[in-house]
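A.B. asks: Please see the structure below; I have some questions.
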There are 2 protein chains.
Amino acid sequence: VSQSSAVIEPIPAALTDAVAGILDAFIDDKQHQLAPIGAELDQLIDAARRAVRGGKRLRPAFAYWGWRAAGGSDDKGAPILTAAAAIELVHASALAHDDVMDDSATRRGQLAAHRAFSKRLRDAETARADAERFGRSAAILLGDLLLSWSDELLGGSGFKPKAIVRGRVYFDKLRTEVVAGQFLDVLAQTKGTSSASAALRVVRYKSAKYTVERPLQFGAALAKADKSLLAALSSYGVPLGEAFQLRDDVLGVFGEPTVTGKPSGDDIREGKRTLLVARTFDKAGRGQRAILERYFAQPAVDADGVAAVQGVIRDTGALDAVETVIAELTAASLVALDHAPIADDEARAALRVLVDRATNRTL
Amino acid sequence: VSQSSAVIEPIPAALTDAVAGILDAFIDDKQHQLAPIGAELDQLIDAARRAVRGGKRLRPAFAYWGWRAAGGSDDKGAPILTAAAAIELVHASALAHDDVMDDSATRRGQLAAHRAFSKRLRDAETARADAERFGRSAAILLGDLLLSWSDELLGGSGFKPKAIVRGRVYFDKLRTEVVAGQFLDVLAQTKGTSSASAALRVVRYKSAKYTVERPLQFGAALAKADKSLLAALSSYGVPLGEAFQLRDDVLGVFGEPTVTGKPSGDDIREGKRTLLVARTFDKAGRGQRAILERYFAQPAVDADGVAAVQGVIRDTGALDAVETVIAELTAASLVALDHAPIADDEARAALRVLVDRATNRTL
């Protein structure tokens, strides 16, 4: 980490504030559009506001630094911030639908959207089963709305139509690939098995490309990046995104609640089919396999069971193997950054700090 | 009906064939994009193909005639057909999600997407509960994919970016309004009550604007329609779309299976909260109300129960009242068409035939 990167803020408060302000103003507009249709739609608007609140704004940050890497101006009022905010709408949509699919209770410390919808109705009058069904339906519709709005916000970002056409190439890839990655993930979770290569594929499409590579390229393309920069951002972004997700997987198994914001061993209880888990199953001997079968993916498993699974993941060497992969990916990302044709020193420094933050998970 | 409209085909085979071909070719492209990610994604591609197959292509037809009404060329290879096909992707997305929300078994005579996904998995190996959950998740993802693709197809339609910006105004309205209408509908179904005005609001946003007005304006805006034509298309399209939906509601209660493709009295069993039903509840006396409470919205109701509810709907005068509304709306639509500044005689004739077909439901 160079001196300049020691002082740089890779997700500047000016950026996160601007994105939050843009999303709020956009939803205000939508509220005015929907109000004449019916007062009940305020529920949907409220849910949209909650859905875009919070989060680390990681994707907007990568879009912004991709823009800067390609020579885009550092004017904080520029259309790039609106375009970056459009990705947050895609993300909010994906989370709303994800929580329905997993029937997750919470999201970012609040009730998940479908649970909030059903609670509101149940508090009023309605039977539990109906309210739950309503909650799911409303959250599906909320996600659809947010996804449609992502285009609308991008279209109204203030970029010239030709620039938007350039950016949309990556915006479109991002949206298709994240669904593809999600589909593979849902399939693996359902089948309850996943090879290491299948797990890595999910990591690549659902996380690495979606969170890092495509947002970077989207921002860069809006600033008319050439092919060599777009390729360099891919060489930097894909391994970084993979390392980021693998770190997340390790924290899901071994992380402290104070760091992760989730109960310790949460991914063990849920039975999440990560690369770490795929490697563990691959290498487990008969006795270790028995422990996994007893405690892994058991929602009611206690602390001893969690500890036993953690032991197997360590003893099989799966944890070390994944840490090695994280280190290799991190190194590959930094090498790619060193060779990337980026003129803007601030952008280069920010992208370097992001590697450190993402892979050590101090973001 | 003038002589020219007697021979005109309002949904020409050349249009429906072109739309089908465009959607097939687009999904072929997507298959090539997704194939390297994983062979399992063929499931998702297959489901997308099924989702866009069939249907009356009513929305593309209105988009096409809106285009022609505004002076767009009748070149059948023009970008307008691709833009019109983009609306079909929105619609396929809405249907996939709708069927998850309602847990509908079938769609267009085939298994609904979520049922097809779960069947495929269950046939292979998986327990029923897991397969059903997978089916729902996969259908949610399918709908997201189709919705994202709708933008992508529009963006790649071959129109100049400036034309697309004009069209997108109505494309965006269409996508927001249909979700708003769906939300109000889901809420009314959940609460199990609906006033006549609330029912009409759902008809307006979920059907009239979505199926007729916005597609017309979308096509017209792509051909650079002026404000007076856009307003005239609204005055024609909204009452027509409302009449069309009210006819559908009447058929849902009284229609023959050979006409509707659904079991007789299906909407009575489902308890659909239509204008017809809202009027019936408003006007029902004590005895009639008892019949409704006994048989309406009872999935297992027999033919005698269906007939009893049909009798109440007739006897309260609700059927006559709705038929009167349909006739008034139809007349209003035709008057608006007569006054609309449409130079193209073929477009005018087609729009006239569409009124007849839609409100008599011979489409």
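The chains in the structure tokens are called A, B, ... from first to last as shown; in each chain the residues are counted from 1, and the ligands are counted from 1 in the order shown.
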At a cut-off of 10 Å, using only C-alpha atoms, what residues contact Glu177 in chain B? Leave out same-chain residues fewer than 4 positions from it and give the result as a PyMOL selection string.

C.D. replies: (chain A and resi 33-34+37+145) or (chain B and resi 172-173+181-183+204-207+209-210+214)

A.B. asks: Go ahead and save the residues from that selection, with N, CA and C atoms, as a PDB file, in the first residue's frame.

C.D. replies:
```pdb
ATOM      1  N   GLN A  33     -45.699   9.976  -8.974  1.00  0.00           N
ATOM      2  CA  GLN A  33     -46.311   9.301 -10.124  1.00  0.00           C
ATOM      3  C   GLN A  33     -47.389   8.313  -9.673  1.00  0.00           C
ATOM      4  N   LEU A  34     -47.136   7.637  -8.552  1.00  0.00           N
ATOM      5  CA  LEU A  34     -48.046   6.568  -8.132  1.00  0.00           C
ATOM      6  C   LEU A  34     -49.188   7.061  -7.241  1.00  0.00           C
ATOM      7  N   ILE A  37     -52.773   6.984  -8.324  1.00  0.00           N
ATOM      8  CA  ILE A  37     -53.341   5.652  -8.596  1.00  0.00           C
ATOM      9  C   ILE A  37     -54.018   5.106  -7.349  1.00  0.00           C
ATOM     10  N   LEU A 145     -40.414  -3.869  -9.633  1.00  0.00           N
ATOM     11  CA  LEU A 145     -40.447  -2.417  -9.744  1.00  0.00           C
ATOM     12  C   LEU A 145     -39.032  -1.845  -9.690  1.00  0.00           C
TER      13      LEU A 145
ATOM     14  N   ASP B 172     -41.411   2.750 -19.841  1.00  0.00           N
ATOM     15  CA  ASP B 172     -41.204   2.859 -18.391  1.00  0.00           C
ATOM     16  C   ASP B 172     -42.530   2.997 -17.653  1.00  0.00           C
ATOM     17  N   LYS B 173     -43.422   3.823 -18.184  1.00  0.00           N
ATOM     18  CA  LYS B 173     -44.730   3.985 -17.538  1.00  0.00           C
ATOM     19  C   LYS B 173     -45.452   2.641 -17.486  1.00  0.00           C
ATOM     20  N   GLY B 181     -50.747  -1.764 -10.510  1.00  0.00           N
ATOM     21  CA  GLY B 181     -52.050  -2.411 -10.657  1.00  0.00           C
ATOM     22  C   GLY B 181     -52.069  -3.797 -10.026  1.00  0.00           C
ATOM     23  N   GLN B 182     -50.993  -4.533 -10.239  1.00  0.00           N
ATOM     24  CA  GLN B 182     -50.895  -5.874  -9.658  1.00  0.00           C
ATOM     25  C   GLN B 182     -50.905  -5.801  -8.131  1.00  0.00           C
ATOM     26  N   PHE B 183     -50.193  -4.815  -7.606  1.00  0.00           N
ATOM     27  CA  PHE B 183     -50.123  -4.672  -6.151  1.00  0.00           C
ATOM     28  C   PHE B 183     -51.514  -4.409  -5.581  1.00  0.00           C
ATOM     29  N   ARG B 204     -57.967  -0.472 -14.737  1.00  0.00           N
ATOM     30  CA  ARG B 204     -57.304   0.583 -15.505  1.00  0.00           C
ATOM     31  C   ARG B 204     -55.800   0.370 -15.589  1.00  0.00           C
ATOM     32  N   TYR B 205     -55.172   0.113 -14.446  1.00  0.00           N
ATOM     33  CA  TYR B 205     -53.704   0.073 -14.445  1.00  0.00           C
ATOM     34  C   TYR B 205     -53.146  -1.286 -14.833  1.00  0.00           C
ATOM     35  N   LYS B 206     -53.804  -2.334 -14.387  1.00  0.00           N
ATOM     36  CA  LYS B 206     -53.271  -3.666 -14.661  1.00  0.00           C
ATOM     37  C   LYS B 206     -53.607  -4.108 -16.078  1.00  0.00           C
ATOM     38  N   SER B 207     -54.705  -3.581 -16.629  1.00  0.00           N
ATOM     39  CA  SER B 207     -55.129  -4.052 -17.944  1.00  0.00           C
ATOM     40  C   SER B 207     -55.150  -2.958 -18.999  1.00  0.00           C
ATOM     41  N   LYS B 209     -54.248   0.342 -19.330  1.00  0.00           N
ATOM     42  CA  LYS B 209     -53.048   1.082 -19.691  1.00  0.00           C
ATOM     43  C   LYS B 209     -51.957   0.124 -20.156  1.00  0.00           C
ATOM     44  N   TYR B 210     -51.845  -0.979 -19.466  1.00  0.00           N
ATOM     45  CA  TYR B 210     -50.774  -1.930 -19.738  1.00  0.00           C
ATOM     46  C   TYR B 210     -50.956  -2.630 -21.089  1.00  0.00           C
ATOM     47  N   ARG B 214     -50.568   2.184 -23.237  1.00  0.00           N
ATOM     48  CA  ARG B 214     -49.115   2.394 -23.248  1.00  0.00           C
ATOM     49  C   ARG B 214     -48.426   1.749 -24.452  1.00  0.00           C
TER      50      ARG B 214
END
```

A.B. asks: Can you tell me which residues surround Ala198 in chain A at a distance of at most 10 Å, considering only C-alpha atoms, apart from same-chain residues fewer than 6 positions away, and format the answer as a PDB file with N, CA, C and O atoms, in the first residue's frame?

C.D. replies:
```pdb
ATOM      1  N   LEU A 184     -27.737 -21.068 -10.693  1.00  0.00           N
ATOM      2  CA  LEU A 184     -26.815 -22.167 -10.387  1.00  0.00           C
ATOM      3  C   LEU A 184     -26.723 -22.379  -8.881  1.00  0.00           C
ATOM      4  O   LEU A 184     -26.647 -23.522  -8.403  1.00  0.00           O
ATOM      5  N   ASP A 185     -26.748 -21.303  -8.132  1.00  0.00           N
ATOM      6  CA  ASP A 185     -26.675 -21.390  -6.675  1.00  0.00           C
ATOM      7  C   ASP A 185     -27.910 -22.083  -6.107  1.00  0.00           C
ATOM      8  O   ASP A 185     -27.802 -23.011  -5.296  1.00  0.00           O
ATOM      9  N   ALA A 188     -27.718 -25.738  -6.823  1.00  0.00           N
ATOM     10  CA  ALA A 188     -26.750 -26.436  -5.960  1.00  0.00           C
ATOM     11  C   ALA A 188     -27.305 -26.594  -4.549  1.00  0.00           C
ATOM     12  O   ALA A 188     -27.176 -27.653  -3.926  1.00  0.00           O
ATOM     13  N   ARG A 204     -18.044 -16.773  -9.212  1.00  0.00           N
ATOM     14  CA  ARG A 204     -17.650 -15.883 -10.304  1.00  0.00           C
ATOM     15  C   ARG A 204     -18.823 -15.054 -10.803  1.00  0.00           C
ATOM     16  O   ARG A 204     -18.732 -13.834 -10.926  1.00  0.00           O
ATOM     17  N   ARG A 273     -23.614 -24.020   0.298  1.00  0.00           N
ATOM     18  CA  ARG A 273     -22.682 -24.810  -0.517  1.00  0.00           C
ATOM     19  C   ARG A 273     -21.606 -23.915  -1.117  1.00  0.00           C
ATOM     20  O   ARG A 273     -21.691 -23.518  -2.274  1.00  0.00           O
ATOM     21  N   THR A 274     -20.627 -23.596  -0.303  1.00  0.00           N
ATOM     22  CA  THR A 274     -19.550 -22.729  -0.768  1.00  0.00           C
ATOM     23  C   THR A 274     -18.365 -23.565  -1.237  1.00  0.00           C
ATOM     24  O   THR A 274     -18.349 -24.794  -1.079  1.00  0.00           O
ATOM     25  N   LEU A 275     -17.351 -22.895  -1.794  1.00  0.00           N
ATOM     26  CA  LEU A 275     -16.122 -23.602  -2.163  1.00  0.00           C
ATOM     27  C   LEU A 275     -15.508 -24.267  -0.933  1.00  0.00           C
ATOM     28  O   LEU A 275     -15.037 -25.411  -0.990  1.00  0.00           O
ATOM     29  N   ALA A 278     -17.424 -27.373  -0.299  1.00  0.00           N
ATOM     30  CA  ALA A 278     -17.179 -28.373  -1.346  1.00  0.00           C
ATOM     31  C   ALA A 278     -15.827 -29.055  -1.112  1.00  0.00           C
ATOM     32  O   ALA A 278     -15.715 -30.284  -1.187  1.00  0.00           O
TER      33      ALA A 278
ATOM     34  N   ILE B  37     -21.249 -20.508 -19.180  1.00  0.00           N
ATOM     35  CA  ILE B  37     -21.353 -20.423 -17.717  1.00  0.00           C
ATOM     36  C   ILE B  37     -21.701 -21.784 -17.135  1.00  0.00           C
ATOM     37  O   ILE B  37     -21.171 -22.179 -16.100  1.00  0.00           O
ATOM     38  N   GLY B  38     -22.593 -22.509 -17.791  1.00  0.00           N
ATOM     39  CA  GLY B  38     -22.949 -23.816 -17.258  1.00  0.00           C
ATOM     40  C   GLY B  38     -24.074 -24.458 -18.054  1.00  0.00           C
ATOM     41  O   GLY B  38     -25.019 -23.773 -18.447  1.00  0.00           O
TER      42      GLY B  38
END
```

A.B. asks: Please build the interface table for range 88-183 of chain A against range 263-271 of chain A with a cut-off of 12 Å, listing for each qualifying residue the nearest atom pair and the distance in Å to one decimal; count only C-alpha atoms, order rows by chain and increasing number, and write it as a tab-separated table.

C.D. replies:
```
residue	atom	partner	partner_atom	distance
A:Asp102	CA	A:Glu270	CA	10.0
A:Asp103	CA	A:Glu270	CA	11.7
A:Ser104	CA	A:Glu270	CA	10.7
```

A.B. asks: Would you mind reading off the distance between CA of Ala48 in chain B and CA of Thr193 in chain A, one decimal, in Å?

C.D. replies: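 That distance, rounded to one decimal, is 25.8 Å.
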
A.B. asks: From the options A:Ala127, A:Ala51, A:Ala113, A:Ala86, which residue's atoms come nearest to chain B, counting only C-alpha atoms?

C.D. replies: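 Among the listed residues, the smallest separation from chain B belongs to A:Ala127.
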
A.B. asks: May I ask you to extract the residues of chain B within 7 Å of chain A, using only C-alpha atoms, and to give them as a ChimeraX atom specification?

C.D. replies: /B:41,101,130,134,137-138,141,145,148,152,161-162,172,175-176,179-180,183,186,190
